[in-house]
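Visitor: This is start.cif, which holds mmCIF, C-alpha atoms:
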```
data_run
#
loop_
_atom_site.label_atom_id
_atom_site.label_comp_id
_atom_site.auth_asym_id
_atom_site.auth_seq_id
_atom_site.Cartn_x
_atom_site.Cartn_y
_atom_site.Cartn_z
CA MET W 1 -97.22 44.25 17.74
CA ALA W 2 -95.19 41.02 17.98
CA SER W 3 -95.75 38.93 21.01
CA PRO W 4 -92.85 37.88 23.31
CA LEU W 5 -93.19 34.37 21.95
CA HIS W 6 -92.61 35.58 18.38
CA ARG W 7 -89.56 37.64 19.45
CA LEU W 8 -88.04 34.58 21.17
CA ALA W 9 -88.49 32.45 18.05
CA ALA W 10 -86.81 35.11 15.87
CA ALA W 11 -83.79 35.29 18.20
CA ILE W 12 -83.38 31.51 18.17
CA ALA W 13 -83.52 31.53 14.36
CA ALA W 14 -80.83 34.22 14.17
CA ILE W 15 -78.51 32.29 16.49
CA SER W 16 -79.02 29.07 14.49
CA LEU W 17 -78.18 30.90 11.25
CA SER W 18 -74.93 32.24 12.77
CA LEU W 19 -73.90 28.78 13.96
CA PHE W 20 -74.63 27.35 10.53
CA LEU W 21 -72.45 29.94 8.83
CA VAL W 22 -69.58 29.28 11.20
CA ALA W 23 -69.85 25.52 10.62
CA CYS W 24 -69.78 26.11 6.88
CA GLY W 25 -66.52 28.09 7.08
CA GLY W 26 -67.87 31.57 7.17
CA ASP W 27 -65.68 34.23 8.76
CA PRO W 28 -67.52 37.07 10.52
CA ALA W 29 -64.41 39.25 10.13
CA GLY W 30 -64.46 38.77 6.35
CA GLN W 31 -61.14 36.84 6.20
CA GLY W 32 -61.08 33.90 3.72
CA PRO W 33 -58.64 31.04 3.17
CA GLN W 34 -56.78 33.11 0.62
CA ASP W 35 -55.70 35.40 3.42
CA MET W 36 -53.92 32.60 5.47
CA PRO W 37 -50.15 33.30 6.13
CA THR W 38 -47.58 31.66 3.79
CA PRO W 39 -45.93 28.57 5.40
CA GLU W 40 -42.37 28.95 6.64
CA VAL W 41 -39.94 26.12 5.76
CA THR W 42 -36.22 25.46 6.13
CA VAL W 43 -34.25 24.31 3.08
CA VAL W 44 -30.69 23.30 2.24
CA ARG W 45 -29.08 24.11 -1.09
CA LEU W 46 -27.39 21.02 -2.49
CA GLU W 47 -23.84 21.26 -3.77
CA ALA W 48 -22.02 18.78 -6.01
CA ARG W 49 -18.42 18.24 -4.96
CA PRO W 50 -15.75 15.51 -4.94
CA LEU W 51 -16.30 12.91 -2.24
CA THR W 52 -14.15 9.95 -1.24
CA LEU W 53 -16.42 6.99 -0.68
CA THR W 54 -15.34 4.60 2.04
CA ARG W 55 -16.18 1.08 3.10
CA GLU W 56 -16.01 -0.34 6.61
CA LEU W 57 -14.79 -3.95 6.69
CA PRO W 58 -14.32 -6.44 9.55
CA GLY W 59 -10.93 -8.01 10.23
CA ARG W 60 -8.49 -9.65 12.62
CA THR W 61 -4.99 -8.64 13.60
CA HIS W 62 -2.03 -10.90 12.86
CA PRO W 63 1.69 -10.57 13.68
CA TYR W 64 3.93 -9.07 11.03
CA LEU W 65 6.38 -11.96 11.58
CA VAL W 66 6.03 -15.18 13.59
CA ALA W 67 8.90 -17.52 14.50
CA GLU W 68 8.46 -20.72 16.48
CA VAL W 69 11.71 -21.51 18.26
CA ARG W 70 12.74 -25.16 18.00
CA PRO W 71 16.06 -26.92 18.78
CA GLN W 72 18.23 -28.04 15.88
CA VAL W 73 20.23 -30.44 18.06
CA SER W 74 19.24 -32.65 20.96
CA GLY W 75 20.23 -32.01 24.55
CA ILE W 76 19.29 -30.98 28.06
CA ILE W 77 18.20 -27.37 28.70
CA ALA W 78 20.98 -25.95 30.89
CA LYS W 79 19.74 -22.32 31.07
CA GLN W 80 16.79 -20.20 29.97
CA LEU W 81 18.29 -16.84 29.00
CA PHE W 82 15.19 -14.65 28.47
CA VAL W 83 12.28 -13.23 30.45
CA GLU W 84 8.89 -14.41 29.23
CA GLY W 85 6.90 -11.61 27.59
CA SER W 86 9.96 -9.44 26.97
CA ARG W 87 11.27 -8.01 23.71
CA VAL W 88 14.14 -9.87 22.12
CA LYS W 89 16.49 -9.07 19.24
CA SER W 90 17.40 -11.20 16.27
CA GLY W 91 20.38 -13.40 17.25
CA GLU W 92 19.79 -12.97 20.99
CA ALA W 93 20.39 -16.21 22.94
CA LEU W 94 17.22 -17.75 24.38
CA TYR W 95 18.31 -21.19 25.67
CA GLN W 96 21.63 -22.84 26.39
CA LEU W 97 21.82 -26.62 26.05
CA ASP W 98 24.35 -28.81 27.84
CA ASP W 99 27.04 -28.76 25.12
CA ALA W 100 29.81 -30.92 26.61
CA THR W 101 29.35 -33.62 23.95
CA TYR W 102 29.38 -31.08 21.13
CA ARG W 103 32.54 -29.43 22.47
CA ALA W 104 34.21 -32.85 22.55
CA ASP W 105 33.15 -33.41 18.93
CA VAL W 106 34.76 -30.13 17.95
CA THR W 107 38.00 -31.08 19.72
CA SER W 108 38.04 -34.47 18.02
CA ALA W 109 37.37 -32.94 14.60
CA ARG W 110 40.13 -30.39 15.12
CA ALA W 111 42.60 -33.17 15.96
CA ALA W 112 41.51 -35.16 12.90
CA LEU W 113 42.14 -32.11 10.75
CA ALA W 114 45.61 -31.67 12.22
CA ARG W 115 46.47 -35.31 11.50
CA ALA W 116 45.17 -35.03 7.94
CA GLN W 117 47.22 -31.89 7.40
CA ALA W 118 50.36 -33.67 8.67
CA LEU W 119 49.79 -36.60 6.35
CA ALA W 120 49.15 -34.24 3.47
CA GLU W 121 52.42 -32.43 4.15
CA SER W 122 54.31 -35.77 4.20
CA ALA W 123 52.66 -36.83 0.95
CA ARG W 124 53.58 -33.52 -0.64
CA LEU W 125 57.24 -33.80 0.28
CA SER W 126 57.37 -37.42 -0.89
CA ALA W 127 55.79 -36.49 -4.21
CA GLU W 128 58.32 -33.68 -4.72
CA ARG W 129 61.31 -36.05 -4.09
CA ILE W 130 60.00 -38.76 -6.36
CA GLY W 131 59.24 -36.17 -8.99
CA LYS W 132 62.88 -35.03 -9.04
CA LEU W 133 64.06 -38.63 -9.28
CA ALA W 134 61.66 -39.25 -12.12
CA GLU W 135 63.22 -36.36 -14.04
CA ILE W 136 66.57 -38.24 -14.14
CA GLU W 137 64.79 -41.54 -14.64
CA ALA W 138 65.95 -42.83 -11.26
CA VAL W 139 62.45 -44.13 -10.53
CA SER W 140 59.78 -45.47 -12.79
CA ALA W 141 56.93 -43.37 -14.12
CA GLN W 142 54.50 -45.58 -12.18
CA GLU W 143 56.10 -44.68 -8.87
CA ASN W 144 55.91 -40.98 -9.74
CA GLU W 145 52.24 -41.27 -10.60
CA ASN W 146 51.53 -43.14 -7.37
CA ALA W 147 53.25 -40.38 -5.35
CA ILE W 148 51.21 -37.68 -7.07
CA ALA W 149 47.97 -39.61 -6.41
CA ALA W 150 48.93 -40.11 -2.74
CA ARG W 151 49.50 -36.35 -2.39
CA ARG W 152 46.13 -35.53 -3.89
CA GLN W 153 44.40 -38.09 -1.69
CA ALA W 154 46.02 -36.57 1.40
CA GLU W 155 44.82 -33.12 0.33
CA ALA W 156 41.28 -34.49 -0.06
CA GLU W 157 41.50 -35.97 3.42
CA VAL W 158 42.37 -32.51 4.74
CA ALA W 159 39.25 -31.08 3.05
CA VAL W 160 37.11 -33.85 4.59
CA ALA W 161 38.56 -33.22 8.04
CA ARG W 162 38.02 -29.48 7.68
CA ALA W 163 34.36 -30.05 6.71
CA ALA W 164 33.92 -32.35 9.72
CA LEU W 165 35.32 -29.61 11.97
CA ASP W 166 32.93 -27.07 10.44
CA ASN W 167 30.00 -29.43 10.99
CA ALA W 168 30.98 -30.04 14.62
CA SER W 169 31.35 -26.30 15.19
CA ILE W 170 27.89 -25.66 13.72
CA ARG W 171 26.31 -28.27 15.95
CA LEU W 172 28.08 -26.72 18.93
CA GLY W 173 26.64 -23.35 17.91
CA TYR W 174 23.15 -24.87 17.72
CA ALA W 175 23.45 -25.79 21.38
CA ARG W 176 22.93 -22.06 22.04
CA ILE W 177 19.38 -21.46 20.71
CA SER W 178 18.88 -17.88 19.47
CA SER W 179 15.93 -15.76 18.35
CA PRO W 180 15.57 -15.70 14.55
CA ILE W 181 13.70 -12.33 14.49
CA ASP W 182 13.12 -9.16 16.49
CA GLY W 183 9.91 -9.19 18.49
CA ARG W 184 8.13 -10.07 21.69
CA ILE W 185 8.58 -13.57 23.04
CA GLY W 186 5.81 -15.51 24.75
CA LYS W 187 5.93 -18.10 27.49
CA SER W 188 8.41 -20.96 27.45
CA SER W 189 7.04 -24.47 27.00
CA VAL W 190 10.07 -26.06 28.71
CA THR W 191 12.09 -25.41 31.82
CA GLN W 192 15.69 -25.92 32.83
CA GLY W 193 16.57 -29.62 32.87
CA ALA W 194 14.11 -30.62 30.14
CA LEU W 195 15.28 -32.87 27.33
CA VAL W 196 14.68 -31.48 23.85
CA THR W 197 15.29 -33.16 20.51
CA ALA W 198 16.34 -31.85 17.13
CA ASN W 199 13.43 -30.53 14.99
CA GLN W 200 10.82 -31.62 17.52
CA GLN W 201 7.15 -30.93 16.84
CA ALA W 202 6.52 -28.73 19.90
CA ALA W 203 8.02 -25.23 19.87
CA LEU W 204 10.08 -24.09 22.85
CA ALA W 205 8.68 -20.55 22.56
CA THR W 206 7.17 -18.21 19.96
CA VAL W 207 8.53 -14.81 18.94
CA GLN W 208 6.19 -12.35 17.21
CA THR W 209 6.93 -9.02 15.53
CA LEU W 210 4.06 -6.67 16.47
CA ASP W 211 5.32 -3.36 15.09
CA PRO W 212 4.12 -3.06 12.44
CA ILE W 213 1.16 -5.45 12.59
CA HIS W 214 -1.09 -6.90 9.91
CA VAL W 215 -4.87 -6.55 9.77
CA ASP W 216 -6.51 -9.15 7.52
CA LEU W 217 -9.91 -8.05 6.17
CA THR W 218 -12.66 -9.73 4.16
CA GLN W 219 -14.85 -8.08 1.52
CA SER W 220 -17.74 -9.45 -0.49
CA SER W 221 -16.92 -10.23 -4.11
CA SER W 222 -20.23 -8.58 -5.12
CA GLU W 223 -18.99 -5.28 -3.68
CA LEU W 224 -15.80 -5.64 -5.71
CA LEU W 225 -17.84 -6.18 -8.89
CA GLU W 226 -19.96 -3.10 -8.13
CA LEU W 227 -16.82 -1.03 -7.55
CA ARG W 228 -15.30 -2.15 -10.85
CA ARG W 229 -18.57 -1.44 -12.66
CA SER W 230 -18.72 2.06 -11.19
CA LEU W 231 -15.12 2.71 -12.24
CA ALA W 232 -15.77 1.41 -15.74
CA GLU W 233 -18.89 3.58 -16.13
CA GLY W 234 -17.10 6.67 -14.89
CA ARG W 235 -19.32 7.13 -11.82
CA LEU W 236 -16.23 6.68 -9.65
CA SER W 237 -12.58 7.48 -10.20
CA ARG W 238 -9.68 5.63 -8.65
CA GLY W 239 -8.29 7.46 -5.62
CA ASP W 240 -4.75 7.51 -4.32
CA GLU W 241 -3.42 3.94 -4.15
CA ALA W 242 -1.62 4.84 -0.91
CA MET W 243 -4.83 6.14 0.68
CA PRO W 244 -4.59 5.73 4.47
CA VAL W 245 -6.76 3.17 6.23
CA THR W 246 -8.44 4.03 9.53
CA ILE W 247 -8.62 1.26 12.15
CA LEU W 248 -11.56 1.12 14.58
CA LEU W 249 -11.02 -0.81 17.82
CA GLU W 250 -13.49 -3.17 19.47
CA ASP W 251 -14.90 -0.39 21.66
CA GLY W 252 -15.53 1.83 18.62
CA SER W 253 -12.62 4.18 19.26
CA GLU W 254 -10.26 5.15 16.46
CA PHE W 255 -6.71 3.80 16.51
CA PRO W 256 -4.28 6.77 16.31
CA GLN W 257 -2.03 5.21 13.65
CA GLN W 258 -3.12 5.06 10.00
CA GLY W 259 -2.65 1.84 8.05
CA THR W 260 -1.71 1.15 4.43
CA LEU W 261 -3.36 -1.36 2.12
CA LYS W 262 -0.66 -3.84 1.07
CA PHE W 263 -2.46 -6.29 -1.19
CA SER W 264 -5.78 -7.94 -2.00
CA GLU W 265 -6.18 -11.65 -2.63
CA VAL W 266 -6.77 -12.82 -6.20
CA THR W 267 -8.98 -15.76 -5.21
CA VAL W 268 -12.54 -15.69 -3.83
CA ASP W 269 -13.30 -18.09 -0.98
CA PRO W 270 -16.09 -20.31 -2.40
CA SER W 271 -17.52 -21.01 1.07
CA THR W 272 -18.05 -17.34 1.94
CA GLY W 273 -18.09 -15.51 -1.40
CA SER W 274 -15.50 -13.04 -0.12
CA TYR W 275 -11.84 -12.31 -0.70
CA ALA W 276 -9.05 -11.17 1.63
CA LEU W 277 -7.24 -7.87 1.94
CA ARG W 278 -4.21 -7.10 4.11
CA VAL W 279 -3.47 -3.78 5.81
CA GLU W 280 -0.16 -2.92 7.48
CA VAL W 281 -0.47 -0.68 10.57
CA PRO W 282 2.29 0.87 12.73
CA ASN W 283 1.92 -0.39 16.29
CA PRO W 284 4.68 1.25 18.36
CA ASP W 285 2.91 0.87 21.71
CA HIS W 286 1.67 -2.67 20.97
CA VAL W 287 -1.96 -1.62 21.54
CA LEU W 288 -3.01 -3.98 18.75
CA MET W 289 -2.44 -7.59 19.75
CA PRO W 290 -2.71 -10.67 17.55
CA GLY W 291 -6.23 -12.04 17.30
CA MET W 292 -8.07 -8.79 18.07
CA TYR W 293 -11.29 -8.05 16.18
CA VAL W 294 -11.19 -4.64 14.50
CA ARG W 295 -12.88 -2.76 11.68
CA ALA W 296 -11.06 -0.88 8.95
CA VAL W 297 -12.35 2.08 6.95
CA LEU W 298 -10.93 1.98 3.41
CA GLY W 299 -11.35 4.38 0.53
CA ALA W 300 -13.30 2.73 -2.30
CA GLY W 301 -13.08 5.51 -4.87
CA VAL W 302 -13.80 9.18 -5.53
CA ARG W 303 -17.19 10.49 -6.72
CA ASN W 304 -16.23 13.72 -8.46
CA ASP W 305 -19.74 15.23 -8.52
CA ALA W 306 -21.33 13.71 -5.43
CA VAL W 307 -24.62 15.24 -4.20
CA LEU W 308 -25.54 14.66 -0.55
CA VAL W 309 -28.96 15.38 0.95
CA PRO W 310 -29.89 15.25 4.67
CA GLN W 311 -31.81 12.12 5.58
CA ARG W 312 -34.67 14.13 7.09
CA GLY W 313 -35.27 15.69 3.68
CA ILE W 314 -36.07 12.30 2.11
CA ALA W 315 -39.46 10.62 2.53
CA ARG W 316 -40.17 6.96 1.81
CA ASP W 317 -43.62 5.56 1.00
CA PRO W 318 -44.88 2.05 1.93
CA LYS W 319 -43.61 0.71 -1.40
CA GLY W 320 -40.07 1.92 -0.68
CA ASN W 321 -40.09 4.79 -3.19
CA THR W 322 -38.20 7.90 -2.03
CA THR W 323 -39.21 11.49 -2.67
CA ALA W 324 -38.08 14.99 -1.70
CA MET W 325 -39.80 18.37 -1.54
CA VAL W 326 -37.90 20.94 -3.61
CA VAL W 327 -38.53 24.68 -3.51
CA GLY W 328 -38.12 26.38 -6.89
CA ALA W 329 -36.88 29.88 -7.60
CA ASP W 330 -40.50 31.14 -7.51
CA GLY W 331 -41.03 29.74 -4.00
CA VAL W 332 -43.36 26.96 -5.16
CA VAL W 333 -42.96 23.45 -3.76
CA GLU W 334 -42.32 20.55 -6.15
CA GLN W 335 -42.26 16.88 -5.22
CA ARG W 336 -39.37 14.94 -6.81
CA GLU W 337 -38.82 11.20 -7.11
CA VAL W 338 -35.29 10.52 -5.85
CA VAL W 339 -32.94 7.53 -5.98
CA VAL W 340 -30.42 7.27 -3.12
CA SER W 341 -27.76 4.59 -2.63
CA ARG W 342 -25.88 4.80 0.66
CA THR W 343 -25.59 6.85 3.82
CA ILE W 344 -22.65 9.16 4.48
CA GLY W 345 -22.96 10.09 8.13
CA ASP W 346 -26.45 11.64 8.49
CA GLN W 347 -26.89 12.18 4.73
CA TRP W 348 -27.96 10.20 1.69
CA LEU W 349 -25.82 9.92 -1.42
CA VAL W 350 -28.08 10.87 -4.35
CA GLU W 351 -27.95 8.80 -7.53
CA SER W 352 -30.72 10.63 -9.43
CA GLY W 353 -33.61 13.06 -8.96
CA LEU W 354 -31.67 15.89 -7.32
CA ALA W 355 -28.88 18.05 -8.67
CA ASP W 356 -26.45 20.79 -7.75
CA GLY W 357 -28.30 23.95 -6.64
CA ASP W 358 -31.61 22.30 -5.71
CA ARG W 359 -33.22 23.54 -2.48
CA VAL W 360 -34.61 20.65 -0.47
CA VAL W 361 -37.04 21.15 2.41
CA ILE W 362 -35.79 19.65 5.68
CA GLU W 363 -38.12 21.40 8.21
CA GLY W 364 -41.79 22.27 7.90
CA LEU W 365 -42.70 19.30 5.68
CA GLN W 366 -45.94 18.75 7.60
CA LYS W 367 -47.18 22.22 6.63
CA ILE W 368 -46.76 21.97 2.84
CA GLN W 369 -47.88 20.04 -0.18
CA PRO W 370 -46.86 20.05 -3.87
CA GLY W 371 -47.73 23.32 -5.58
CA ALA W 372 -47.84 25.35 -2.35
CA GLN W 373 -46.21 28.76 -2.07
CA VAL W 374 -43.72 28.93 0.82
CA ASN W 375 -41.22 31.24 2.46
CA ALA W 376 -37.90 29.36 2.51
CA THR W 377 -35.07 29.93 4.99
CA GLU W 378 -31.83 28.50 3.67
CA VAL W 379 -29.25 26.80 5.92
CA THR W 380 -25.84 25.34 5.10
CA ASN W 381 -25.62 21.67 4.19
CA THR W 382 -22.74 20.03 6.07
CA ALA W 383 -21.74 16.47 5.22
CA THR W 384 -19.82 14.84 8.03
CA GLY W 385 -19.10 11.32 9.14
CA ARG W 386 -18.56 8.17 7.14
CA GLU W 387 -20.62 5.27 5.97
#
```
For the structure just supplied, provide its representation as structure tokens.

Guide:
Amino acid sequence: MASPLHRLAAAIAAISLSLFLVACGGDPAGQGPQDMPTPEVTVVRLEARPLTLTRELPGRTHPYLVAEVRPQVSGIIAKQLFVEGSRVKSGEALYQLDDATYRADVTSARAALARAQALAESARLSAERIGKLAEIEAVSAQENENAIAARRQAEAEVAVARAALDNASIRLGYARISSPIDGRIGKSSVTQGALVTANQQAALATVQTLDPIHVDLTQSSSELLELRRSLAEGRLSRGDEAMPVTILLEDGSEFPQQGTLKFSEVTVDPSTGSYALRVEVPNPDHVLMPGMYVRAVLGAGVRNDAVLVPQRGIARDPKGNTTAMVVGADGVVEQREVVVSRTIGDQWLVESGLADGDRVVIEGLQKIQPGAQVNATEVTNTATGRE
């Protein structure tokens, strides 16, 4: 018969054996690793479709037209005929100079014309009389020729006097300084009583046309080369030349009016390595003002078979290599090496490694590894946003 001491030792040995089996992975219920549940993952099915690629560029706004108002004759400012900051029309009077001298010049030129016309009439009548006398040889041929020359000289004097009158009238008209364009006028640099001179350096005021308005952009020449290379290789196709341009304001909001690309410069700035583009934007409410910093979203081209993958479905290792977990038709996970180029909203644009119809894991990545069997729940892949 076993002693109590022997029974105690046997119990301790049995407990130690049970603990050892548990530590070694034993399962008292008889369930092994092969009986673990299949991991659940969420996948998106990729779809190739046409996609307009865009580029966001910085720029500044500039007036559509700018006219600096300067006097063409000298004089004293008698009246300022506009309100600073108001809209003016082409031909609308802005300043009135003291024009007494110019009116006197017009009167004098008109009188000189009248005298020249009277002399021309006298010379004409004299030439006609001498001409009749010359026909009957009552006067010499020399006298007839002198009369004809005197008539022609008098007619030339009339033309000179008429030109002088026109010139005086033009100078009188310049005494009333008008706006050369439609637009909004700024502040006046002179006041009533100021002396201004013809073609002076300082402008009296500036008129700017702000509807429409220009947005001048800059783009790297390297981006232009890449775009041309993509077009040449057939990876991109040229979109609509009249593709609208979206303007983003300084606070990030979107300007309601769409712009149109007017031209791109043909010369690269050697100091910056960029070239200029100009966009024309309707600006009926004058929200855009000259000198504002904006950003413009332009269409760069169309990728006819673009494949987008959510960013959370792409992993990047310390060396910068990108991979994705793809679930095959048999439910087995495969790791793919992927090349992506740019972001479109919250998605990557795929260059290689993934294709139309592939199912990429976006949730449950921490529970799987290559070669694992999974249960995949498919969700719709939505590509929104811009670069």

Visitor: Got a sec to resolve the PyMOL selection byres ((chain W and resi 71-83) around 7) on this structure and send the residues as a list in words?

Guide: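 When the PyMOL selection byres ((chain W and resi 71-83) around 7) is applied to the shown file, the picked residues are Val69, Arg70, Glu84, Gly85, Ser86, Ala93, Leu94, Tyr95, Gln96, Leu97, Asp98, Arg171, Tyr174, Ala175, Ile177, Gln192, Gly193, Ala194, Leu195, Val196, Thr197, Ala198 and Asn199 of chain W.
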
Visitor: Please indicate the distance in Å from atom CA of Asp216 of chain W to atom CA of Arg60 of chain W, rounded to one decimal place.

Guide: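 Here the two named atoms are 5.5 Å from each other.
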
Visitor: Can you turn the PyMOL selection byres ((chain W and resi 270-279) around 6) into a concrete residue list for this file, as a list in words?

Guide: His214, Val215, Asp216, Leu217, Thr218, Gln219, Ser220, Ser221, Thr260, Leu261, Lys262, Phe263, Ser264, Glu265, Val268, Asp269 and Glu280 of chain W

Visitor: At what distance in Å, to one decimal, does atom CA of Val44 of chain W lie from atom CA of Thr380 of chain W?

Guide: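 These atoms are spaced 6.0 Å apart.
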
Visitor: Around the point (-43.5, 19.0, 11.1) (coordinates from the file), which residues reach within 12 Å if we count only C-alpha atoms? Answer as a PyMOL selection string.

Guide: chain W and resi 39-42+312-313+361-368

Visitor: Can you tell me, as a PyMOL selection string, which residues sit within 6 Å of (19.5, -12.2, 17.9) in the file's frame, using all atoms listed in the file?

Guide: chain W and resi 89-92+178-179

Visitor: For the atom pair atom CA of Leu248 of chain W and atom CA of Ile344 of chain W, what is the interatomic distance in Å to one decimal place?

Guide: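 One can read the atom CA of Leu248 of chain W to atom CA of Ile344 of chain W distance as 17.0 Å.
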
Visitor: Need the shell around Ala100 of chain W: protein/DNA/RNA residues with any atom at most 9 Å away, counting all atoms listed in the file. Skip same-chain ones fewer than 4 positions apart. Format as a ChimeraX atom specification?

Guide: /W:104-105,172

Visitor: Restricting it to C-alpha atoms, dump the selection as a PDB file, keeping the file's coordinate frame.

Guide:
```pdb
ATOM      1  CA  ALA W 104      34.210 -32.850  22.550  1.00  0.00           C
ATOM      2  CA  ASP W 105      33.150 -33.410  18.930  1.00  0.00           C
ATOM      3  CA  LEU W 172      28.080 -26.720  18.930  1.00  0.00           C
TER       4      LEU W 172
END
```

Visitor: From the set W:Val266, W:Val106, W:Val297, W:Val66, which residue has the shortest atom-to-atom contact distance to Gly173 of chain W, counting all atoms listed in the file?

Guide: W:Val106

Visitor: Evaluate the PyMOL selection byres ((chain W and resi 310) around 10) against this structure - the residues, as a ChimeraX atom specification, please.

Guide: /W:44,46,308-309,311-314,343-349,360-362,381-383

Visitor: Please provide as a list of chain:residue names all residues within 8 Å of segment 125-133 of chain W, with the sequence filter that same-chain residues fewer than 3 positions apart are discarded (counting all atoms listed in the file).

Guide: W:Glu121, W:Ser122, W:Ile136, W:Glu137, W:Ala138, W:Val139, W:Glu143, W:Asn144, W:Ala147, W:Ile148, W:Ala150, W:Arg151

Visitor: Let's have the selection written as a compact mmCIF listing (two decimals), keeping the file's coordinate frame, with C-alpha atoms.

Guide:
```txt
# COMPACT_ATOMS: atom_id res chain seq x y z
CA GLU W 121 52.42 -32.43 4.15
CA SER W 122 54.31 -35.77 4.20
CA ILE W 136 66.57 -38.24 -14.14
CA GLU W 137 64.79 -41.54 -14.64
CA ALA W 138 65.95 -42.83 -11.26
CA VAL W 139 62.45 -44.13 -10.53
CA GLU W 143 56.10 -44.68 -8.87
CA ASN W 144 55.91 -40.98 -9.74
CA ALA W 147 53.25 -40.38 -5.35
CA ILE W 148 51.21 -37.68 -7.07
CA ALA W 150 48.93 -40.11 -2.74
CA ARG W 151 49.50 -36.35 -2.39
```

Visitor: Which residue out of W:Val338, W:Pro256, W:Arg295, W:Glu68 has the minimum interatomic distance to Lys187 of chain W when all atoms listed in the file are used?

Guide: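 Of the candidates, the smallest distance to Lys187 of chain W is held by W:Glu68.
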
Visitor: Looking at only C-alpha atoms, which of W:Pro180, W:Pro282, W:Gly371, W:Gly259 is the one that sits closest to Gln335 of chain W?

Guide: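 Closest candidate: W:Gly371.
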
Visitor: Which polymer residues have any atom within 8 Å of an atom of Leu65 of chain W, counting all atoms listed in the file, with same-chain residues fewer than 3 positions away left out, as a compact mmCIF listing (two decimals) with C-alpha atoms, in the frame of the given file?

Guide:
```
# COMPACT_ATOMS: atom_id res chain seq x y z
CA ILE W 181 13.70 -12.33 14.49
CA GLN W 208 6.19 -12.35 17.21
CA THR W 209 6.93 -9.02 15.53
CA LEU W 210 4.06 -6.67 16.47
```

Visitor: Need to verify the contact set: Tyr293 of chain W, 9 Å, only C-alpha atoms, exclusion of same-chain residues closer than 4 positions in sequence. Can you return it as a VMD selection string?

Guide: chain W and resid 58 to 61 249 to 250

Visitor: For each of W:Ser222, W:Arg152, W:Pro244, W:Arg45, take the minimum atom-to-atom distance to Ala329 of chain W, counting only C-alpha atoms, then give the residue where this is smallest.

Guide: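 So, comparing all the options, the nearest one is W:Arg45.
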
Visitor: So which one's closest to Ile170 of chain W, W:Arg103, W:Arg184, W:Arg115, W:Arg124? Using only C-alpha atoms, please.

Guide: W:Arg103

Visitor: Where does segment 252-311 of chain W meet segment 49-52 of chain W within 10 Å, residue by residue, with the nearest atom pair and distance in Å to one decimal for each, counting only C-alpha atoms, listed by chain and rising number, as CSV?

Guide:
```
residue,atom,partner,partner_atom,distance
W:Leu298,CA,W:Thr52,CA,9.8
W:Gly299,CA,W:Thr52,CA,6.5
W:Ala300,CA,W:Thr52,CA,7.3
W:Gly301,CA,W:Thr52,CA,5.8
W:Val302,CA,W:Thr52,CA,4.4
W:Arg303,CA,W:Leu51,CA,5.2
W:Asn304,CA,W:Pro50,CA,4.0
W:Asp305,CA,W:Arg49,CA,4.8
W:Ala306,CA,W:Arg49,CA,5.4
W:Val307,CA,W:Arg49,CA,6.9
W:Leu308,CA,W:Arg49,CA,9.1
```

Visitor: Using all atoms listed in the file, can you tell me which of W:Gln142, W:Asn321, W:Ser341, W:Gln117 comes closest to Val160 of chain W?

Guide: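 Smallest distance to Val160 of chain W is found for W:Gln117.
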